[in-house]
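File shown: entry17.txt (compact mmCIF, C-alpha atoms).
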```txt
# COMPACT_ATOMS: atom_id res chain seq x y z
CA MET A 1 -35.91 18.72 -18.04
CA VAL A 2 -32.19 18.91 -17.30
CA ILE A 3 -30.83 16.50 -14.73
CA SER A 4 -27.76 17.89 -12.96
CA LEU A 5 -24.52 15.92 -12.74
CA ASP A 6 -24.66 16.28 -8.93
CA LEU A 7 -28.01 14.50 -8.81
CA ILE A 8 -26.75 11.65 -11.01
CA THR A 9 -23.63 11.35 -8.83
CA SER A 10 -25.74 11.33 -5.63
CA VAL A 11 -28.12 8.65 -6.93
CA ILE A 12 -25.27 6.38 -8.13
CA SER A 13 -23.34 6.98 -4.90
CA PHE A 14 -26.47 6.14 -2.84
CA LEU A 15 -27.06 2.92 -4.82
CA PHE A 16 -23.49 1.69 -4.52
CA THR A 17 -23.31 2.50 -0.80
CA LEU A 18 -26.54 0.57 -0.25
CA LEU A 19 -25.31 -2.41 -2.31
CA ILE A 20 -22.03 -2.57 -0.39
CA LEU A 21 -23.68 -2.18 3.03
CA SER A 22 -26.03 -5.06 2.09
CA TYR A 23 -23.06 -7.27 3.05
CA LEU A 24 -24.16 -6.68 6.67
CA ILE A 25 -26.87 -9.32 6.09
CA GLY A 26 -24.28 -11.69 4.58
CA ASP A 27 -22.64 -12.34 1.20
CA ASN A 28 -25.34 -11.74 -1.43
CA PRO A 29 -25.64 -11.10 -5.22
CA LEU A 30 -26.23 -7.35 -4.74
CA PHE A 31 -22.90 -6.98 -2.91
CA ARG A 32 -21.13 -9.00 -5.61
CA ILE A 33 -22.67 -6.91 -8.39
CA ALA A 34 -21.37 -3.73 -6.73
CA VAL A 35 -17.90 -5.19 -6.16
CA TYR A 36 -17.50 -6.53 -9.71
CA ILE A 37 -18.69 -3.24 -11.24
CA PHE A 38 -16.33 -1.39 -8.88
CA VAL A 39 -13.36 -3.51 -10.03
CA GLY A 40 -14.29 -3.00 -13.70
CA VAL A 41 -14.78 0.75 -13.36
CA SER A 42 -11.57 1.20 -11.33
CA SER A 43 -9.54 -0.81 -13.85
CA GLY A 44 -10.94 1.16 -16.78
CA TYR A 45 -10.25 4.43 -14.97
CA VAL A 46 -6.68 3.37 -14.12
CA ALA A 47 -6.09 2.42 -17.77
CA ALA A 48 -7.37 5.83 -18.92
CA VAL A 49 -5.17 7.61 -16.35
CA ALA A 50 -2.14 5.53 -17.39
CA TRP A 51 -2.77 6.48 -21.02
CA TRP A 52 -3.48 10.22 -20.58
CA GLN A 53 -1.17 11.04 -17.69
CA VAL A 54 1.80 8.73 -18.30
CA ILE A 55 2.00 7.38 -21.83
CA MET A 56 0.77 10.44 -23.74
CA PRO A 57 2.89 13.16 -22.05
CA ARG A 58 6.01 11.05 -21.56
CA LEU A 59 6.06 8.95 -24.74
CA ILE A 60 3.64 10.04 -27.48
CA TYR A 61 4.04 13.86 -27.26
CA PRO A 62 7.90 13.79 -27.20
CA LEU A 63 7.79 11.28 -30.06
CA VAL A 64 5.53 13.47 -32.21
CA TYR A 65 6.56 17.01 -31.20
CA GLY A 66 10.04 16.50 -29.66
CA SER A 67 13.46 17.37 -31.10
CA VAL A 68 15.61 14.76 -32.84
CA LEU A 69 17.54 14.17 -29.61
CA GLU A 70 14.33 13.71 -27.61
CA ARG A 71 12.95 11.31 -30.23
CA SER A 72 16.12 9.22 -30.19
CA PHE A 73 16.03 9.01 -26.37
CA ILE A 74 12.36 8.04 -26.41
CA ALA A 75 12.97 5.26 -28.96
CA ILE A 76 14.39 3.03 -26.20
CA PRO A 77 11.32 3.06 -23.91
CA LEU A 78 9.16 2.72 -27.05
CA LEU A 79 11.02 -0.49 -27.85
CA GLY A 80 10.63 -1.55 -24.20
CA ALA A 81 6.90 -0.82 -24.35
CA LEU A 82 6.55 -2.98 -27.48
CA LEU A 83 8.44 -5.77 -25.69
CA ILE A 84 6.10 -5.51 -22.66
CA LEU A 85 3.08 -5.65 -24.99
CA MET A 86 4.46 -8.98 -26.25
CA LYS A 87 3.23 -10.44 -22.94
CA ILE A 88 -0.25 -10.39 -24.48
CA PHE A 89 0.87 -13.05 -27.00
CA PRO A 90 1.97 -16.26 -25.20
CA ARG A 91 4.32 -17.20 -28.05
CA TRP A 92 6.32 -13.98 -27.74
CA ALA A 93 5.89 -13.43 -23.99
CA GLY A 94 9.54 -14.35 -23.34
CA LEU A 95 10.69 -11.16 -25.07
CA ALA A 96 8.99 -9.10 -22.36
CA ARG A 97 11.67 -10.31 -19.91
CA ILE A 98 14.10 -7.71 -21.25
CA ALA A 99 11.77 -4.82 -20.37
CA MET A 100 10.74 -6.51 -17.11
CA ALA A 101 14.43 -6.85 -16.15
CA PHE A 102 14.84 -3.08 -16.61
CA LEU A 103 11.73 -2.42 -14.49
CA VAL A 104 12.91 -4.79 -11.74
CA GLY A 105 16.39 -3.22 -11.69
CA ALA A 106 14.90 0.29 -11.51
CA GLY A 107 12.46 -0.82 -8.79
CA ALA A 108 15.27 -2.43 -6.77
CA ALA A 109 17.33 0.79 -6.94
CA VAL A 110 14.36 2.91 -5.85
CA ILE A 111 13.51 0.65 -2.90
CA ILE A 112 17.16 0.54 -1.79
CA ALA A 113 17.33 4.34 -1.73
CA GLY A 114 13.87 4.56 -0.16
CA ALA A 115 14.72 2.10 2.59
CA LEU A 116 18.06 3.77 3.31
CA ILE A 117 17.23 7.48 2.93
CA GLY A 118 13.54 7.30 3.75
CA THR A 119 13.42 4.84 6.63
CA LEU A 120 16.70 3.56 8.11
CA ILE A 121 18.60 6.83 8.53
CA PRO A 122 15.59 8.94 9.70
CA GLN A 123 14.39 6.26 12.15
CA ILE A 124 17.84 5.72 13.66
CA SER A 125 18.39 9.50 13.89
CA ALA A 126 15.01 9.92 15.58
CA THR A 127 15.87 7.21 18.12
CA ILE A 128 19.15 9.01 18.93
CA ASN A 129 17.41 12.41 19.06
CA ALA A 130 14.94 11.03 21.63
CA PHE A 131 17.82 11.48 24.13
CA ASP A 132 18.41 15.11 23.18
CA VAL A 133 18.31 16.79 26.60
CA ASN A 134 18.39 20.26 25.01
CA SER A 135 14.86 19.62 23.70
CA ALA A 136 13.57 19.33 27.30
CA SER A 137 13.21 23.09 27.77
CA VAL A 138 11.65 23.52 24.29
CA ARG A 139 9.06 20.81 25.00
CA ASN A 140 8.58 22.10 28.57
CA ILE A 141 9.46 18.76 30.22
CA SER A 142 12.24 17.73 32.63
CA VAL A 143 15.56 16.21 31.52
CA VAL A 144 14.73 13.04 33.50
CA GLU A 145 11.49 12.66 31.53
CA VAL A 146 13.38 13.02 28.22
CA ILE A 147 15.88 10.30 29.20
CA PHE A 148 13.11 8.06 30.62
CA ASN A 149 11.01 8.32 27.42
CA GLY A 150 14.09 7.94 25.21
CA ALA A 151 15.11 4.78 27.08
CA PHE A 152 11.67 3.23 26.53
CA ILE A 153 11.73 4.11 22.82
CA LEU A 154 15.26 2.67 22.46
CA ALA A 155 14.29 -0.48 24.42
CA GLY A 156 11.17 -0.92 22.23
CA THR A 157 13.21 -0.54 19.04
CA VAL A 158 16.01 -2.92 20.10
CA PHE A 159 13.80 -5.62 21.66
CA THR A 160 11.43 -5.58 18.69
CA LEU A 161 14.37 -6.02 16.31
CA ILE A 162 15.72 -8.86 18.47
CA TYR A 163 12.32 -10.60 18.27
CA PHE A 164 12.86 -10.95 14.52
CA HIS A 165 16.28 -12.57 14.98
CA PHE A 166 15.63 -16.23 14.23
CA GLY A 167 19.22 -17.55 14.26
CA ALA A 168 19.30 -20.70 16.45
CA SER A 169 21.84 -23.34 17.43
CA PRO A 170 21.21 -27.08 17.97
CA LYS A 171 20.91 -28.34 21.57
CA ALA A 172 22.07 -31.71 23.01
CA ASP A 173 18.56 -33.18 22.56
CA GLY A 174 18.60 -32.21 18.87
CA SER A 175 16.12 -29.33 19.23
CA MET A 176 16.88 -25.88 17.81
CA ARG A 177 16.79 -23.05 20.36
CA ARG A 178 17.81 -19.40 20.38
CA LEU A 179 20.36 -18.16 22.92
CA GLY A 180 18.86 -17.53 26.38
CA LEU A 181 19.57 -13.79 26.26
CA ILE A 182 18.01 -13.45 22.82
CA GLU A 183 15.01 -15.55 23.87
CA THR A 184 14.41 -13.28 26.90
CA SER A 185 14.87 -10.10 24.85
CA ALA A 186 12.51 -11.48 22.18
CA TRP A 187 9.89 -12.10 24.92
CA VAL A 188 10.09 -8.41 25.91
CA GLY A 189 10.00 -7.52 22.19
CA ARG A 190 6.69 -9.40 21.88
CA ILE A 191 5.16 -7.06 24.46
CA PHE A 192 6.22 -4.01 22.45
CA ILE A 193 4.95 -5.60 19.20
CA GLY A 194 1.62 -6.40 20.88
CA ILE A 195 1.26 -2.78 22.03
CA THR A 196 2.24 -1.45 18.58
CA LEU A 197 -0.18 -3.72 16.72
CA GLY A 198 -2.91 -2.84 19.25
CA THR A 199 -2.27 0.85 18.55
CA ILE A 200 -2.38 0.30 14.78
CA PHE A 201 -5.59 -1.74 15.21
CA ALA A 202 -7.21 1.08 17.21
CA GLY A 203 -6.18 3.60 14.52
CA VAL A 204 -7.50 1.50 11.62
CA PHE A 205 -10.71 0.75 13.56
CA ALA A 206 -11.25 4.47 14.20
CA ALA A 207 -10.68 5.26 10.50
CA ALA A 208 -13.07 2.47 9.39
CA LEU A 209 -15.69 3.63 11.89
CA THR A 210 -15.37 7.20 10.58
CA ALA A 211 -15.89 5.94 7.01
CA LEU A 212 -18.96 3.92 8.10
CA ILE A 213 -20.47 6.91 9.89
CA GLU A 214 -19.79 9.12 6.83
CA ARG A 215 -21.52 6.62 4.51
CA ILE A 216 -24.54 6.20 6.80
CA SER A 217 -24.72 9.99 7.10
CA ALA A 218 -24.61 10.24 3.25
CA LEU A 219 -27.53 7.79 3.00
CA ILE A 220 -29.58 9.80 5.51
CA ASN A 221 -28.71 13.10 3.77
CA PHE A 222 -29.77 11.63 0.42
CA PHE A 223 -33.28 11.04 1.76
CA GLY A 224 -33.21 14.42 3.51
CA ASN A 225 -32.66 16.18 0.17
CA PHE A 226 -35.97 14.91 -1.26
CA MET B 1 18.82 -14.03 -22.90
CA ARG B 2 19.52 -14.83 -19.21
CA VAL B 3 22.80 -12.91 -19.22
CA LEU B 4 21.27 -10.01 -21.16
CA THR B 5 18.35 -9.61 -18.73
CA ALA B 6 20.69 -9.78 -15.71
CA VAL B 7 23.03 -7.16 -17.25
CA ILE B 8 20.08 -4.84 -18.02
CA ALA B 9 18.64 -5.19 -14.50
CA ILE B 10 21.98 -4.68 -12.75
CA ALA B 11 23.07 -1.76 -14.99
CA ALA B 12 19.72 0.03 -14.61
CA GLY B 13 19.70 -0.58 -10.85
CA VAL B 14 23.29 0.59 -10.29
CA LEU B 15 22.86 3.76 -12.39
CA ILE B 16 19.57 4.73 -10.73
CA ALA B 17 20.81 3.93 -7.21
CA GLY B 18 24.03 5.81 -7.99
CA GLY B 19 22.01 8.90 -8.87
CA TYR B 20 20.82 9.13 -5.26
CA PHE B 21 24.37 9.32 -3.93
CA PHE B 22 26.47 10.85 -6.75
CA PRO B 23 25.22 14.16 -8.23
CA ALA B 24 27.06 13.42 -11.51
CA LEU B 25 24.60 10.58 -12.18
CA THR B 26 21.43 12.59 -11.46
CA ASP B 27 20.65 13.29 -15.16
CA VAL B 28 21.10 9.63 -16.11
CA GLN B 29 18.93 8.64 -13.14
CA THR B 30 16.14 11.02 -14.18
CA LEU B 31 16.23 9.70 -17.76
CA LEU B 32 16.14 6.05 -16.63
CA LEU B 33 13.35 6.71 -14.11
CA ASN B 34 11.32 8.39 -16.88
CA TRP B 35 11.77 5.26 -19.02
CA ALA B 36 10.76 3.09 -16.05
CA ILE B 37 7.57 5.15 -15.54
CA ILE B 38 6.66 4.73 -19.23
CA LEU B 39 7.25 0.97 -19.04
CA ALA B 40 5.23 0.78 -15.79
CA GLY B 41 2.36 2.53 -17.63
CA PHE B 42 2.45 -0.11 -20.37
CA ALA B 43 2.75 -2.90 -17.77
CA THR B 44 -0.46 -1.53 -16.18
CA LEU B 45 -2.23 -1.71 -19.56
CA VAL B 46 -1.02 -5.30 -20.05
CA GLY B 47 -2.29 -6.17 -16.54
CA ILE B 48 -5.72 -4.73 -17.36
CA PHE B 49 -5.74 -6.59 -20.68
CA ASN B 50 -5.06 -9.78 -18.69
CA LEU B 51 -8.05 -8.99 -16.44
CA ILE B 52 -10.23 -8.61 -19.55
CA ALA B 53 -8.88 -11.89 -20.99
CA VAL B 54 -9.58 -13.81 -17.75
CA HIS B 55 -13.17 -12.56 -17.50
CA THR B 56 -14.03 -12.90 -21.20
CA GLY B 57 -12.73 -16.48 -20.92
CA LYS B 58 -15.13 -17.08 -18.02
CA ILE B 59 -18.03 -15.61 -20.02
CA ARG B 60 -17.18 -17.72 -23.10
CA ARG B 61 -17.02 -20.94 -21.07
CA GLY B 62 -20.23 -20.02 -19.22
CA GLU B 63 -18.60 -20.67 -15.84
CA LYS B 64 -20.40 -20.14 -12.53
CA GLY B 65 -20.52 -16.42 -11.79
CA SER B 66 -20.01 -15.46 -15.44
CA VAL B 67 -22.85 -12.90 -15.04
CA TYR B 68 -20.60 -10.97 -12.62
CA SER B 69 -17.70 -11.28 -15.10
CA ALA B 70 -19.97 -9.83 -17.79
CA LEU B 71 -20.81 -6.88 -15.52
CA LEU B 72 -17.11 -6.32 -14.81
CA PHE B 73 -16.29 -6.47 -18.53
CA ILE B 74 -19.05 -4.02 -19.49
CA ALA B 75 -18.07 -1.61 -16.66
CA LEU B 76 -14.38 -1.81 -17.61
CA VAL B 77 -14.87 -1.33 -21.36
CA ALA B 78 -17.38 1.50 -20.90
CA THR B 79 -15.14 3.37 -18.42
CA LEU B 80 -12.08 2.82 -20.62
CA PHE B 81 -13.95 3.99 -23.73
CA PHE B 82 -15.24 7.20 -22.16
CA GLY B 83 -11.95 7.74 -20.30
CA MET B 84 -9.99 7.56 -23.56
CA ILE B 85 -12.37 9.87 -25.42
CA LEU B 86 -13.19 12.40 -22.70
CA ARG B 87 -9.98 12.15 -20.56
CA PRO B 88 -10.07 11.28 -16.82
CA ASP B 89 -10.51 14.91 -15.65
CA HIS B 90 -13.75 15.45 -17.66
CA SER B 91 -16.90 16.22 -15.63
CA THR B 92 -18.60 13.04 -16.87
CA MET B 93 -15.66 10.96 -15.68
CA LYS B 94 -15.98 12.69 -12.29
CA ILE B 95 -19.37 10.97 -11.95
CA VAL B 96 -17.51 7.66 -12.18
CA MET B 97 -15.01 8.81 -9.55
CA ASN B 98 -17.43 10.53 -7.13
CA GLY B 99 -20.41 8.28 -7.78
CA ILE B 100 -18.85 4.82 -7.89
CA ILE B 101 -15.16 4.63 -6.94
CA ILE B 102 -15.02 6.88 -3.84
CA PRO B 103 -18.39 5.83 -2.27
CA THR B 104 -17.64 2.13 -2.85
CA GLU B 105 -14.16 2.45 -1.34
CA ALA B 106 -15.57 4.36 1.65
CA ALA B 107 -18.38 1.83 2.15
CA LEU B 108 -15.91 -1.08 1.92
CA MET B 109 -13.70 0.74 4.44
CA GLY B 110 -16.79 1.13 6.65
CA MET B 111 -17.49 -2.60 6.36
CA LEU B 112 -14.01 -3.13 7.76
CA THR B 113 -15.39 -1.93 11.13
CA ILE B 114 -17.54 -5.05 11.38
CA SER B 115 -14.74 -7.35 10.19
CA LEU B 116 -12.25 -5.87 12.68
CA LEU B 117 -14.71 -6.13 15.55
CA TYR B 118 -15.49 -9.73 14.64
CA ALA B 119 -11.76 -10.55 14.33
CA ALA B 120 -11.05 -9.01 17.77
CA ILE B 121 -13.80 -11.11 19.40
CA ARG B 122 -12.52 -14.26 17.66
CA LEU B 123 -8.98 -13.48 18.83
CA LEU B 124 -10.16 -13.26 22.42
CA ARG B 125 -12.00 -16.59 22.13
CA ARG B 126 -9.35 -18.51 20.19
CA ARG B 127 -6.03 -17.12 21.38
CA ALA B 128 -6.26 -15.64 24.85
CA ASP B 129 -2.47 -15.65 25.43
CA MET B 130 -0.22 -12.81 26.60
CA MET B 131 0.24 -11.32 23.12
CA GLY B 132 -3.51 -11.39 22.38
CA ILE B 133 -4.42 -9.82 25.70
CA ILE B 134 -1.78 -7.05 25.40
CA PHE B 135 -3.01 -6.38 21.84
CA LEU B 136 -6.68 -6.10 22.80
CA VAL B 137 -6.11 -4.20 26.08
CA THR B 138 -3.97 -1.63 24.20
CA ALA B 139 -6.59 -1.27 21.46
CA ALA B 140 -9.41 -0.91 24.01
CA LEU B 141 -7.42 1.62 26.08
CA LEU B 142 -6.64 3.77 23.05
CA MET B 143 -10.22 3.69 21.79
CA LEU B 144 -11.47 4.69 25.24
CA GLY B 145 -8.81 7.39 25.40
CA SER B 146 -9.76 8.90 22.03
CA ALA B 147 -13.53 8.61 22.44
CA THR B 148 -15.41 11.91 22.60
CA LEU B 149 -17.55 11.71 25.71
CA PRO B 150 -20.05 14.26 27.07
CA PHE B 151 -17.78 15.00 30.06
CA GLY B 152 -14.56 15.20 27.99
CA ASN B 153 -11.58 12.83 28.22
CA ILE B 154 -11.57 9.96 30.69
CA PRO B 155 -9.19 11.00 33.51
CA LEU B 156 -5.78 9.26 33.43
CA ILE B 157 -6.60 7.14 30.35
CA GLY B 158 -7.33 9.96 27.91
CA THR B 159 -4.86 12.48 29.25
CA LEU B 160 -1.85 10.45 30.42
CA LEU B 161 -1.92 6.75 29.58
CA SER B 162 -3.16 6.91 25.98
CA PRO B 163 -0.62 9.54 24.80
CA TRP B 164 2.22 7.74 26.62
CA VAL B 165 1.34 4.38 25.04
CA THR B 166 1.08 5.83 21.50
CA GLN B 167 4.01 8.25 21.67
CA ILE B 168 6.49 6.15 23.63
CA LEU B 169 5.73 2.41 23.84
CA ALA B 170 4.05 1.96 20.44
CA LEU B 171 6.60 4.31 18.86
CA GLY B 172 9.47 2.10 20.04
CA GLY B 173 7.79 -1.06 18.69
CA ALA B 174 6.80 0.61 15.41
CA ARG B 175 10.35 1.89 14.97
CA GLY B 176 11.72 -1.62 15.47
CA ILE B 177 9.25 -3.03 12.93
CA LEU B 178 10.03 -0.21 10.45
CA ILE B 179 13.79 -0.70 10.76
CA GLY B 180 13.30 -4.46 10.33
CA VAL B 181 11.17 -3.94 7.22
CA ALA B 182 13.73 -1.46 5.82
CA LEU B 183 16.59 -3.92 6.42
CA GLY B 184 14.59 -6.66 4.67
CA THR B 185 13.79 -4.33 1.76
CA LEU B 186 17.43 -3.28 1.50
CA THR B 187 18.55 -6.93 1.39
CA ALA B 188 15.94 -7.83 -1.24
CA GLY B 189 17.00 -4.85 -3.39
CA LEU B 190 20.69 -5.62 -3.06
CA ARG B 191 20.10 -9.27 -3.99
CA VAL B 192 18.50 -8.08 -7.24
CA LEU B 193 21.36 -5.66 -7.91
CA PHE B 194 23.96 -8.40 -7.30
CA GLY B 195 22.04 -10.78 -9.56
CA ALA B 196 21.40 -13.29 -6.76
CA ASP B 197 17.62 -12.92 -7.26
CA ARG B 198 16.23 -12.63 -10.80
CA PRO B 199 12.45 -12.27 -10.50
CA TYR B 200 12.23 -11.27 -14.18
CA GLY B 201 12.72 -14.91 -15.16
CA GLY B 202 16.45 -15.41 -15.52
CA THR B 203 17.23 -18.06 -12.87
```
The structure in this file should be written as structure tokens.
Amino acid sequence: MVISLDLITSVISFLFTLLILSYLIGDNPLFRIAVYIFVGVSSGYVAAVAWWQVIMPRLIYPLVYGSVLERSFIAIPLLGALLILMKIFPRWAGLARIAMAFLVGAGAAVIIAGALIGTLIPQISATINAFDVNSASVRNISVVEVIFNGAFILAGTVFTLIYFHFGASPKADGSMRRLGLIETSAWVGRIFIGITLGTIFAGVFAAALTALIERISALINFFGNF
Amino acid sequence: MRVLTAVIAIAAGVLIAGGYFFPALTDVQTLLLNWAIILAGFATLVGIFNLIAVHTGKIRRGEKGSVYSALLFIALVATLFFGMILRPDHSTMKIVMNGIIIPTEAALMGMLTISLLYAAIRLLRRRADMMGIIFLVTAALLMLGSATLPFGNIPLIGTLLSPWVTQILALGGARGILIGVALGTLTAGLRVLFGADRPYGGT
């Protein structure tokens, strides 16, 4: 008798869903078993992916099959990799700092570019474009509506940013207070932050509810197939 | 060693960041990013080795919950063994992905529904101030607005209020938060590039 891979997948999927949903009756050993196995399996899978999809094509293959120039270029990350592996041995762990410094520097450069090109410039441009009256006819709304909406978006952006300004000066009684104007603007900013977090909460809740419905539906379908 | 690590971090950071703004540095940037990806792959392996070391230590000492550590160890080693031999895209490895990883993640995500609901009720009981009320009223309004009801959308809430809150008010707040996060990220990155922060252990 040949058991299909789909059947094995369905049975394992059913079991793990049931074990995880057992948390509804409280923390219990079945839930913990599922979570620990999940962490183990995920880590093993990530290690296999890192080996086959990163280390093999980018380091091992060029080292074995590459030209002399490619091999000489790959010698540096190979040395870095050996230094990182030194972290496994406490006595030599300090050597890994050299490779970690390179990784931190590269990471810092990537996040600087990401923050600047990926967030700051597009978000500021979008805030300015919210006042683009030419878009009114394209979006089939009035110019007044464009300016009204743009003003609310701008106010939300500015007041929210002001809320995170924590610079304060000492008062006569020794207490530290923000300037009155900043304090008032920050109060308005709190309203916008509350609305934004409420919106994010509703979105996450809807996504979680969808996942729960999908899992319950999978459990019912599993029984339906037999 | 401290000077060497700082020089490496700053040089790598400046060359890679430069590649985003000066086309002449693009080739150097690509080469350095490739090296960084390789090193990140090895750092992942070291991290997983550390996970194995922590849990085998627990098993050896017979600590409370060492049975769970044993399960984790067996699951990790078995998946790693088959993953290395068969490769991650093999049909057997797909059982691991479709049978364990995806269903468990989806079920855990589903469990979040209960946690979020519980947290919202606790918030109302413990912190019924302006911020808490605005937060919960917004969430409730949006959920009502997006709910599929037998008679369609709820008038005013589903058609006018909900889109205006998400597309105008929440957009403004989210944009402020995003710009704030980006400014913070930019500062943190620049501090590393200037050598003011040395999280690689070169204080």
Margin query: For stretch 201-208 of chain A, find every residue with an atom within 6 Å (counting all atoms listed in the file), except residues of its own chain fewer than 5 positions away, and show them as number ranges by chain.
Written below: B: 109-110, 112-113, 139
Checklist line | Distance in Å - atom CA of B:Thr166 versus atom CA of A:Gly194 | finding: 12.3 Å
Check: If you measure from atom CA of A:Gly94 to atom CA of B:Leu193, what distance in Å do you get, rounded to one decimal?
Finding: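 Atom CA of B:Leu193 lies at a distance of 21.3 Å from atom CA of A:Gly94.
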Next item on the list: When you get a sec, could you note down which chain A residues fall within 6 Å of chain B, using all atoms listed in the file, as a ChimeraX atom specification?
Entry: /A:9,12-13,17,36-37,40-41,44,47-48,50,55,77,81,97-98,100-103,105-106,108-109,112,115,120,153,156-157,160-161,192-196,198-199,202,205,208-209,211-212
Specify the axis-aligned box that encloses all atoms of stretch 15-34 of chain B listed in the file after padding of 5 Å on each side, stating its centre and edge lengths in Å to one decimal as AutoDock Vina command-line options.
```
--center_x 19.2 --center_y 9.0 --center_z -10.8 --size_x 25.7 --size_y 20.4 --size_z 23.8
```
Notebook entry, point to check: What is the distance, in Å and to one decimal place, between atom CA of A:Phe16 and atom CA of A:Ile3?
Noted result: 19.4 Å
Checklist line | Distance criterion (all atoms listed in the file): nearest to A:Phe159 out of A:Leu63, A:Leu30, A:Ala130, A:Val188 | finding: A:Val188
Which residues, written as a PDB file with C-alpha atoms, in the frame of the given file, have at least one atom at most 12 Å from A:Glu145, with only C-alpha atoms counted and residues fewer than 2 positions away on the same chain left out?
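Contents of selection.pdb, freshly written:
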```pdb
ATOM      1  CA  ALA A 130      14.940  11.030  21.630  1.00  0.00           C
ATOM      2  CA  PHE A 131      17.820  11.480  24.130  1.00  0.00           C
ATOM      3  CA  ASP A 132      18.410  15.110  23.180  1.00  0.00           C
ATOM      4  CA  VAL A 133      18.310  16.790  26.600  1.00  0.00           C
ATOM      5  CA  SER A 135      14.860  19.620  23.700  1.00  0.00           C
ATOM      6  CA  ALA A 136      13.570  19.330  27.300  1.00  0.00           C
ATOM      7  CA  SER A 137      13.210  23.090  27.770  1.00  0.00           C
ATOM      8  CA  ARG A 139       9.060  20.810  25.000  1.00  0.00           C
ATOM      9  CA  ASN A 140       8.580  22.100  28.570  1.00  0.00           C
ATOM     10  CA  ILE A 141       9.460  18.760  30.220  1.00  0.00           C
ATOM     11  CA  SER A 142      12.240  17.730  32.630  1.00  0.00           C
ATOM     12  CA  VAL A 143      15.560  16.210  31.520  1.00  0.00           C
ATOM     13  CA  ILE A 147      15.880  10.300  29.200  1.00  0.00           C
ATOM     14  CA  PHE A 148      13.110   8.060  30.620  1.00  0.00           C
ATOM     15  CA  ASN A 149      11.010   8.320  27.420  1.00  0.00           C
ATOM     16  CA  GLY A 150      14.090   7.940  25.210  1.00  0.00           C
ATOM     17  CA  ALA A 151      15.110   4.780  27.080  1.00  0.00           C
ATOM     18  CA  PHE A 152      11.670   3.230  26.530  1.00  0.00           C
TER      19      PHE A 152
ATOM     20  CA  TRP B 164       2.220   7.740  26.620  1.00  0.00           C
ATOM     21  CA  ILE B 168       6.490   6.150  23.630  1.00  0.00           C
TER      22      ILE B 168
END
```
